[in-house]
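Below is query-v9.csv, which holds CSV, C-alpha atoms.
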```csv
chain,number,residue,atom,x,y,z
C,1,MET,CA,2.4,3.2,-5.3
C,2,THR,CA,3.5,5.6,-7.9
C,3,LEU,CA,1.4,8.3,-9.3
C,4,PRO,CA,0.9,8.9,-13.0
C,5,ASP,CA,2.8,11.8,-14.5
C,6,SER,CA,-0.4,13.6,-15.3
C,7,VAL,CA,-1.2,13.8,-11.6
C,8,LEU,CA,2.3,15.0,-10.7
C,9,ALA,CA,2.0,17.7,-13.4
C,10,THR,CA,-1.2,19.2,-11.7
C,11,PRO,CA,-0.9,23.0,-11.7
C,12,LYS,CA,1.2,24.3,-8.8
C,13,LEU,CA,1.0,20.9,-7.0
C,14,PRO,CA,3.4,21.2,-3.9
C,15,LEU,CA,6.2,18.6,-4.4
C,16,ASP,CA,9.2,17.7,-2.3
C,17,GLN,CA,12.8,17.2,-3.4
C,18,ASP,CA,12.0,13.6,-4.4
C,19,GLY,CA,9.2,14.8,-6.7
C,20,GLY,CA,6.3,13.4,-4.6
C,21,PRO,CA,3.4,15.4,-3.2
C,22,VAL,CA,3.7,16.9,0.3
C,23,PHE,CA,0.9,17.7,2.7
C,24,SER,CA,0.9,19.9,5.7
C,25,GLU,CA,-2.2,18.4,7.3
C,26,PRO,CA,-3.8,14.9,7.2
C,27,TRP,CA,-7.0,16.1,5.6
C,28,GLU,CA,-5.0,17.4,2.6
C,29,ALA,CA,-3.7,13.9,1.8
C,30,ARG,CA,-7.2,12.5,2.2
C,31,VAL,CA,-8.8,14.9,-0.3
C,32,PHE,CA,-5.9,14.4,-2.7
C,33,ALA,CA,-6.3,10.6,-2.5
C,34,MET,CA,-10.0,10.8,-3.0
C,35,THR,CA,-9.5,12.9,-6.1
C,36,VAL,CA,-7.0,10.5,-7.6
C,37,LYS,CA,-9.2,7.5,-6.8
C,38,THR,CA,-12.4,9.1,-8.2
C,39,HIS,CA,-10.6,10.0,-11.3
C,40,GLU,CA,-9.5,6.4,-11.7
C,41,THR,CA,-13.2,5.3,-11.9
C,42,GLY,CA,-13.4,7.4,-15.1
C,43,MET,CA,-15.7,10.0,-13.8
C,44,PHE,CA,-13.5,12.8,-15.1
C,45,SER,CA,-10.2,13.1,-16.9
C,46,TRP,CA,-7.2,14.5,-15.1
C,47,ASN,CA,-7.2,17.3,-17.6
C,48,GLU,CA,-10.7,18.2,-16.6
C,49,TRP,CA,-9.7,18.2,-13.0
C,50,ALA,CA,-6.7,20.4,-13.7
C,51,GLU,CA,-8.9,22.9,-15.5
C,52,THR,CA,-11.4,23.0,-12.6
C,53,LEU,CA,-8.6,23.4,-10.1
C,54,GLY,CA,-6.9,26.1,-12.2
C,55,ALA,CA,-10.2,28.0,-12.4
C,56,GLU,CA,-10.5,27.8,-8.6
C,57,LEU,CA,-6.8,28.9,-8.1
C,58,ALA,CA,-7.3,31.8,-10.5
C,59,LYS,CA,-9.9,33.2,-8.1
C,60,ASP,CA,-7.1,33.8,-5.6
C,61,GLY,CA,-4.9,36.2,-7.6
C,62,ASP,CA,-1.9,34.2,-8.8
C,63,GLY,CA,-3.1,31.1,-6.9
C,64,SER,CA,-0.1,31.2,-4.6
C,65,GLY,CA,-2.5,30.6,-1.8
C,66,THR,CA,-2.0,33.8,0.2
C,67,SER,CA,-5.6,34.0,1.4
C,68,LEU,CA,-6.3,30.3,1.2
C,69,GLY,CA,-4.0,27.3,1.2
C,70,TYR,CA,-3.5,25.2,-1.9
C,71,TYR,CA,-5.5,22.3,-0.7
C,72,ASP,CA,-8.3,24.6,0.5
C,73,HIS,CA,-8.7,25.6,-3.2
C,74,TRP,CA,-8.3,21.9,-4.1
C,75,LEU,CA,-11.2,21.0,-1.8
C,76,ASN,CA,-13.4,23.8,-3.2
C,77,ALA,CA,-12.6,22.7,-6.8
C,78,PHE,CA,-13.3,19.0,-6.0
C,79,GLU,CA,-16.7,19.9,-4.5
C,80,THR,CA,-17.4,22.1,-7.6
C,81,LEU,CA,-16.5,19.3,-10.0
C,82,LEU,CA,-18.6,16.7,-8.1
C,83,SER,CA,-21.6,19.0,-8.1
C,84,ARG,CA,-21.2,19.6,-11.8
C,85,LYS,CA,-21.1,15.9,-12.4
C,86,GLY,CA,-24.3,15.5,-10.5
C,87,ILE,CA,-22.7,13.4,-7.8
C,88,ALA,CA,-22.9,15.8,-4.9
C,89,ALA,CA,-25.9,18.1,-4.6
C,90,ALA,CA,-25.0,20.9,-2.3
C,91,GLY,CA,-27.7,20.0,0.2
C,92,GLN,CA,-26.4,16.4,0.3
C,93,LEU,CA,-22.9,17.4,1.3
C,94,GLN,CA,-24.3,19.9,3.9
C,95,GLY,CA,-26.4,17.1,5.4
C,96,LEU,CA,-23.4,14.8,5.7
C,97,ARG,CA,-21.3,17.6,7.1
C,98,ASP,CA,-23.9,18.2,9.8
C,99,ALA,CA,-24.1,14.5,10.5
C,100,TRP,CA,-20.4,14.3,11.1
C,101,ASP,CA,-20.5,17.4,13.3
C,102,GLN,CA,-23.3,15.8,15.3
C,103,ALA,CA,-21.3,12.5,15.5
C,104,ALA,CA,-18.2,14.4,16.8
C,105,ARG,CA,-20.2,16.2,19.4
C,106,THR,CA,-21.7,13.0,20.8
C,107,THR,CA,-18.4,11.1,20.8
C,108,PRO,CA,-16.6,11.2,24.1
C,109,HIS,CA,-13.2,12.7,23.8
C,110,GLY,CA,-10.6,10.1,23.1
C,111,GLU,CA,-12.7,7.7,21.1
C,112,PRO,CA,-12.7,7.3,17.4
C,113,ILE,CA,-15.5,9.3,15.7
C,114,GLU,CA,-18.0,7.2,13.7
C,115,LEU,CA,-20.9,8.2,11.7
C,116,LYS,CA,-24.0,6.4,12.9
C,117,ARG,CA,-26.9,6.7,10.6
P,118,MET,CA,-15.3,14.4,33.8
P,119,ALA,CA,-14.1,17.5,35.6
P,120,HIS,CA,-14.1,20.7,33.6
P,121,ASN,CA,-10.9,22.7,33.3
P,122,HIS,CA,-11.8,26.2,32.5
P,123,ASP,CA,-8.3,27.2,31.6
P,124,HIS,CA,-8.9,25.5,28.3
P,125,ASP,CA,-10.8,27.1,25.5
P,126,HIS,CA,-12.5,23.9,24.4
P,127,ASP,CA,-14.7,21.3,25.9
P,128,HIS,CA,-13.1,18.1,27.0
P,129,ASP,CA,-16.3,16.1,27.2
P,130,HIS,CA,-16.8,15.6,23.5
P,131,SER,CA,-14.8,15.5,20.3
P,132,GLU,CA,-14.7,18.2,17.8
P,133,LEU,CA,-13.8,18.4,14.1
P,134,SER,CA,-12.8,21.5,12.3
P,135,GLU,CA,-14.9,22.9,9.5
P,136,ILE,CA,-12.5,21.6,6.8
P,137,GLU,CA,-12.3,18.1,8.4
P,138,LEU,CA,-16.1,18.0,8.4
P,139,ARG,CA,-16.3,18.8,4.7
P,140,VAL,CA,-13.6,16.2,3.9
P,141,ARG,CA,-15.4,13.5,5.9
P,142,ALA,CA,-18.7,14.4,4.2
P,143,LEU,CA,-17.1,14.0,0.8
P,144,GLU,CA,-15.5,10.7,1.8
P,145,THR,CA,-18.8,9.3,3.1
P,146,LEU,CA,-20.7,10.4,-0.1
P,147,LEU,CA,-18.0,9.0,-2.5
P,148,THR,CA,-17.8,5.8,-0.5
P,149,GLU,CA,-21.6,5.3,-0.4
P,150,LYS,CA,-21.8,5.9,-4.2
P,151,GLY,CA,-19.0,3.4,-4.8
P,152,TYR,CA,-16.4,5.8,-6.2
P,153,VAL,CA,-13.8,5.4,-3.4
P,154,ASP,CA,-12.9,2.6,-1.0
P,155,PRO,CA,-11.5,3.8,2.3
P,156,PRO,CA,-8.8,1.1,2.5
P,157,ALA,CA,-7.6,2.0,-1.0
P,158,LEU,CA,-7.4,5.6,0.1
P,159,ASP,CA,-5.3,4.5,3.1
P,160,GLU,CA,-3.0,2.6,0.8
P,161,LEU,CA,-2.4,5.6,-1.4
P,162,ILE,CA,-1.9,7.8,1.6
P,163,GLU,CA,0.5,5.3,3.2
P,164,THR,CA,3.0,6.1,0.4
P,165,TYR,CA,3.2,9.7,1.6
P,166,GLU,CA,2.4,9.4,5.3
P,167,THR,CA,5.9,10.0,6.4
P,168,LYS,CA,5.8,13.3,4.5
P,169,ILE,CA,2.7,14.7,6.1
P,170,GLY,CA,2.8,17.2,8.8
P,171,PRO,CA,5.6,19.2,10.4
P,172,LYS,CA,6.9,16.5,12.7
P,173,ASN,CA,7.9,19.1,15.1
P,174,GLY,CA,8.8,16.4,17.6
P,175,ALA,CA,12.1,15.8,15.7
P,176,GLN,CA,13.3,19.2,16.8
P,177,VAL,CA,12.2,18.6,20.3
P,178,VAL,CA,14.1,15.3,20.5
P,179,ALA,CA,17.2,16.9,19.0
P,180,ARG,CA,17.2,19.7,21.6
P,181,ALA,CA,16.6,17.2,24.4
P,182,TRP,CA,19.7,15.3,23.2
P,183,SER,CA,21.7,18.5,23.1
P,184,ASP,CA,20.6,20.6,26.0
P,185,PRO,CA,20.3,19.0,29.5
P,186,ALA,CA,18.4,22.0,30.9
P,187,TYR,CA,15.8,21.6,28.1
P,188,LEU,CA,15.5,17.9,28.8
P,189,GLU,CA,14.8,18.7,32.5
P,190,ARG,CA,12.0,21.1,31.4
P,191,LEU,CA,10.6,18.5,29.0
P,192,ARG,CA,10.5,15.9,31.9
P,193,ALA,CA,8.8,18.4,34.2
P,194,ASP,CA,6.2,19.7,31.7
P,195,ALA,CA,6.4,18.4,28.1
P,196,THR,CA,3.5,20.5,26.8
P,197,ALA,CA,5.2,23.7,28.0
P,198,ALA,CA,8.6,22.7,26.8
P,199,ILE,CA,7.3,21.7,23.3
P,200,ALA,CA,5.4,25.1,23.2
P,201,GLU,CA,8.8,26.8,23.6
P,202,PHE,CA,9.3,26.1,19.9
P,203,GLY,CA,6.1,27.9,19.2
P,204,PHE,CA,4.3,24.6,18.5
P,205,THR,CA,1.0,25.2,20.1
P,206,GLY,CA,-2.5,24.1,19.2
P,207,ARG,CA,-4.8,21.4,20.4
P,208,GLN,CA,-2.9,18.5,19.0
P,209,GLY,CA,0.2,19.5,21.0
P,210,GLU,CA,-1.5,19.5,24.4
P,211,HIS,CA,-1.2,17.0,27.3
P,212,MET,CA,2.2,15.7,26.1
P,213,VAL,CA,4.4,13.5,28.2
P,214,VAL,CA,7.8,12.3,27.2
P,215,VAL,CA,9.1,8.8,27.9
P,216,GLU,CA,12.8,8.2,27.5
P,217,ASN,CA,14.6,5.2,26.0
P,218,THR,CA,17.8,4.1,27.8
P,219,ALA,CA,20.2,1.3,27.3
P,220,ASN,CA,17.9,-0.9,29.4
P,221,THR,CA,14.4,0.4,28.5
P,222,HIS,CA,12.5,0.8,25.3
P,223,ASN,CA,9.2,2.7,25.1
P,224,MET,CA,6.5,2.1,22.6
P,225,VAL,CA,3.2,3.9,22.2
P,226,VAL,CA,-0.2,2.6,21.1
P,227,CYS,CA,-3.2,4.9,20.6
P,228,THR,CA,-6.9,4.9,19.9
P,229,LEU,CA,-6.3,7.4,17.1
P,230,CYS,CA,-9.0,9.8,18.2
P,231,SER,CA,-9.3,13.2,16.6
P,232,CYS,CA,-6.6,14.6,18.9
P,233,TYR,CA,-3.7,12.4,17.8
P,234,PRO,CA,-0.7,14.7,18.2
P,235,TRP,CA,0.3,14.6,14.5
P,236,THR,CA,1.7,18.0,14.6
P,237,VAL,CA,4.4,16.7,16.9
P,238,LEU,CA,4.7,13.1,15.7
P,239,GLY,CA,3.8,13.3,12.1
P,240,LEU,CA,0.9,11.3,10.6
P,241,PRO,CA,0.3,8.0,12.3
P,242,PRO,CA,1.0,4.9,10.2
P,243,VAL,CA,-2.2,3.5,8.7
P,244,TRP,CA,-1.8,0.2,10.5
P,245,TYR,CA,-1.6,2.0,13.8
P,246,LYS,CA,-5.4,2.2,14.0
P,247,SER,CA,-6.0,-1.5,13.6
P,248,ALA,CA,-7.2,-3.3,16.7
P,249,PRO,CA,-5.0,-6.4,16.1
P,250,TYR,CA,-1.9,-4.1,16.2
P,251,ARG,CA,-3.0,-2.6,19.4
P,252,SER,CA,-3.6,-5.8,21.2
P,253,ARG,CA,-0.5,-7.5,19.9
P,254,ALA,CA,1.7,-4.5,20.9
P,255,VAL,CA,0.5,-4.9,24.4
P,256,ARG,CA,0.7,-8.7,24.5
P,257,ASP,CA,3.9,-9.3,22.5
P,258,PRO,CA,5.8,-6.0,22.1
P,259,ARG,CA,9.0,-7.7,21.3
P,260,GLY,CA,7.5,-9.7,18.5
P,261,VAL,CA,5.9,-6.6,17.0
P,262,LEU,CA,9.2,-4.7,17.2
P,263,LEU,CA,11.0,-7.5,15.5
P,264,GLU,CA,8.5,-7.3,12.6
P,265,PHE,CA,9.6,-3.6,12.3
P,266,GLY,CA,13.2,-4.8,12.1
P,267,VAL,CA,13.9,-3.7,15.6
P,268,SER,CA,15.8,-6.4,17.6
P,269,LEU,CA,16.4,-5.5,21.2
P,270,PRO,CA,18.6,-7.3,23.7
P,271,LYS,CA,16.8,-9.9,25.8
P,272,ASP,CA,17.3,-7.9,29.0
P,273,THR,CA,15.9,-4.7,27.6
P,274,GLU,CA,12.6,-3.9,29.3
P,275,ILE,CA,9.8,-2.8,26.9
P,276,ARG,CA,7.2,-0.5,28.2
P,277,VAL,CA,4.0,0.0,26.2
P,278,TRP,CA,2.0,3.2,26.7
P,279,ASP,CA,-1.6,3.7,25.7
P,280,SER,CA,-2.0,7.2,24.4
P,281,THR,CA,-5.3,8.9,25.2
P,282,ALA,CA,-7.0,12.2,24.9
P,283,GLU,CA,-5.6,13.1,28.3
P,284,ILE,CA,-2.0,11.9,27.9
P,285,ARG,CA,-0.1,11.7,24.6
P,286,TYR,CA,3.3,10.3,24.6
P,287,LEU,CA,6.5,11.3,22.8
P,288,VAL,CA,9.3,8.8,22.9
P,289,ILE,CA,12.8,10.2,23.3
P,290,PRO,CA,14.9,7.7,21.5
P,291,GLU,CA,18.5,7.1,22.5
P,292,ARG,CA,21.0,9.4,20.8
P,293,PRO,CA,23.0,7.5,18.2
P,294,SER,CA,26.7,7.2,18.8
P,295,GLY,CA,29.1,9.1,16.6
P,296,THR,CA,27.0,12.2,16.7
P,297,GLY,CA,29.1,14.2,19.1
P,298,GLY,CA,29.3,17.9,18.1
P,299,TRP,CA,26.3,17.6,15.8
P,300,SER,CA,24.0,20.6,15.6
P,301,GLU,CA,20.4,20.3,16.6
P,302,GLU,CA,19.4,20.7,13.0
P,303,GLN,CA,21.6,17.8,12.0
P,304,LEU,CA,20.4,15.6,14.9
P,305,ALA,CA,16.8,16.3,13.9
P,306,GLU,CA,17.4,14.5,10.6
P,307,LEU,CA,18.0,11.3,12.6
P,308,VAL,CA,14.6,11.5,14.3
P,309,THR,CA,12.0,9.6,12.3
P,310,ARG,CA,8.3,9.3,13.0
P,311,ASP,CA,8.7,5.7,13.9
P,312,CYS,CA,11.3,6.4,16.6
P,313,MET,CA,9.0,9.0,18.2
P,314,ILE,CA,6.3,6.4,18.6
P,315,GLY,CA,8.8,3.7,19.6
P,316,THR,CA,8.3,1.3,16.6
P,317,GLY,CA,11.8,2.2,15.4
P,318,LEU,CA,15.1,3.6,16.6
P,319,ALA,CA,16.7,6.9,15.7
P,320,LEU,CA,18.7,6.6,12.5
P,321,GLN,CA,22.4,5.9,12.7
P,322,PRO,CA,24.6,8.5,10.9
P,323,SER,CA,25.5,5.9,8.3
P,324,GLU,CA,21.8,5.3,7.6
P,325,LEU,CA,21.3,9.0,7.1
P,326,GLU,CA,24.0,9.1,4.5
P,327,ALA,CA,22.5,6.1,2.7
P,328,ALA,CA,19.0,7.8,2.7
P,329,GLN,CA,20.4,10.9,1.0
```

Could you render the structure from this file as structure tokens?
Amino acid sequence: MTLPDSVLATPKLPLDQDGGPVFSEPWEARVFAMTVKTHETGMFSWNEWAETLGAELAKDGDGSGTSLGYYDHWLNAFETLLSRKGIAAAGQLQGLRDAWDQAARTTPHGEPIELKR
Amino acid sequence: MAHNHDHDHDHDHSELSEIELRVRALETLLTEKGYVDPPALDELIETYETKIGPKNGAQVVARAWSDPAYLERLRADATAAIAEFGFTGRQGEHMVVVENTANTHNMVVCTLCSCYPWTVLGLPPVWYKSAPYRSRAVRDPRGVLLEFGVSLPKDTEIRVWDSTAEIRYLVIPERPSGTGGWSEEQLAELVTRDCMIGTGLALQPSELEAAQ
């Protein structure tokens, strides 16, 4: 699967020598993929995403990620955008976060964690 | 389950980091509202999965090939030997190495719990978590390997290991021939994620040239 040029041109997106995105942890790829897929539904243009991410990166000096990693900013920006679109009320995400936390704590070590609701 | 107070976390239950909790919360929300479909996320991630994580295990394998004393330490206590590189952290605990030889091939299956050792092995392939793969790997390892393009001699014994929270395996593949005198850094280039979980072999020097 190839990504559109607009995605690859996202400000400061870490790329490898082959020009594809690189991730240092699994969750980074997950949040990247969710952003691309949600964009594909037409909820927001990639331009709008780039601006939201840029604003978030700008909070951290030059956005080089000295205090926070690039994808930490990405996650913050994605939450901000979803909340602006009325998709994710802050309390709703907090509730789901707590539900996952609870699910993890009640899952014996070594078993896949599932959200039971 | 017995408690081991040498560890700074509780072995009785799972744990997710703050950032993992936020990402899972988002995925649940977006899935329920119909904006994302988890299998489609998997498919997108699959494109990049071999590029995720440090794959520290490649350096471990390269040293094991180069330094017999290191290999001995790895056999005795893999967690400690891997930590010599400064690779520590929860996902690198409880490691055990299994070595491929001319007569033995090792392959690992896993429940993919939250403690999959991705810092050592790289991100697991998406299909790894499917129940059919797990059961087939146990029942017909030779057939599964063949599908991955790995054809082993009939008399090679195939051992399948079930990775758990308590024991996580790192396969030491056979060192490819024609690599005498290679540095550890060069050797590490031959070590793919797939060969560290036993669904592949280490690259041959000619394959490395082709990939570059």

Next item on the list: Take the point (-23.4, 14.3, -8.0) in the file's coordinates, draw a sphere of radius 12 Å around it, and report as a list in words every protein, DNA or RNA residue with an atom inside or on it, counting only C-alpha atoms.
Entry: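 Neighbouring residues, ordered by chain and number, come to Met43, Phe78, Glu79, Thr80, Leu81, Leu82, Ser83, Arg84, Lys85, Gly86, Ile87, Ala88, Ala89, Ala90, Gly91, Gln92 and Leu93 of chain C; Leu143, Leu146, Leu147, Glu149, Lys150 and Tyr152 of chain P.
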
Notebook entry, point to check: Counting all atoms listed in the file, which of C:Gly69, C:Pro11, C:Asp5, C:Phe23 gets nearest to chain P?
Noted result: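 Ranking C:Gly69, C:Pro11, C:Asp5, C:Phe23 by distance to chain P, first place goes to C:Phe23.
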
Checklist line | Residue list for chain C near chain P as a PyMOL selection string, 6 Å, all atoms listed in the file | finding: chain C and resi 22-25+33+38+93+96-97+104-105+107-112

Item checked: d(CA of Ala327 in chain P, CA of Glu306 in chain P) in Å -> 12.6 Å

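The protein and nucleic acid residues lying at most 9 Å from Leu53 in chain C are C:Thr10, C:Pro11, C:Glu48, C:Ala58, C:His73, C:Trp74, C:Asn76, C:Ala77, C:Phe78, C:Leu81, with all atoms listed in the file considered and sequence neighbours fewer than 5 positions away removed.
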
Next item on the list: Mind giving me the straight-line distance from CA of Val214 in chain P to CA of Arg253 in chain P in Å, one decimal?
Entry: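 That distance, rounded to one decimal, is 22.7 Å.
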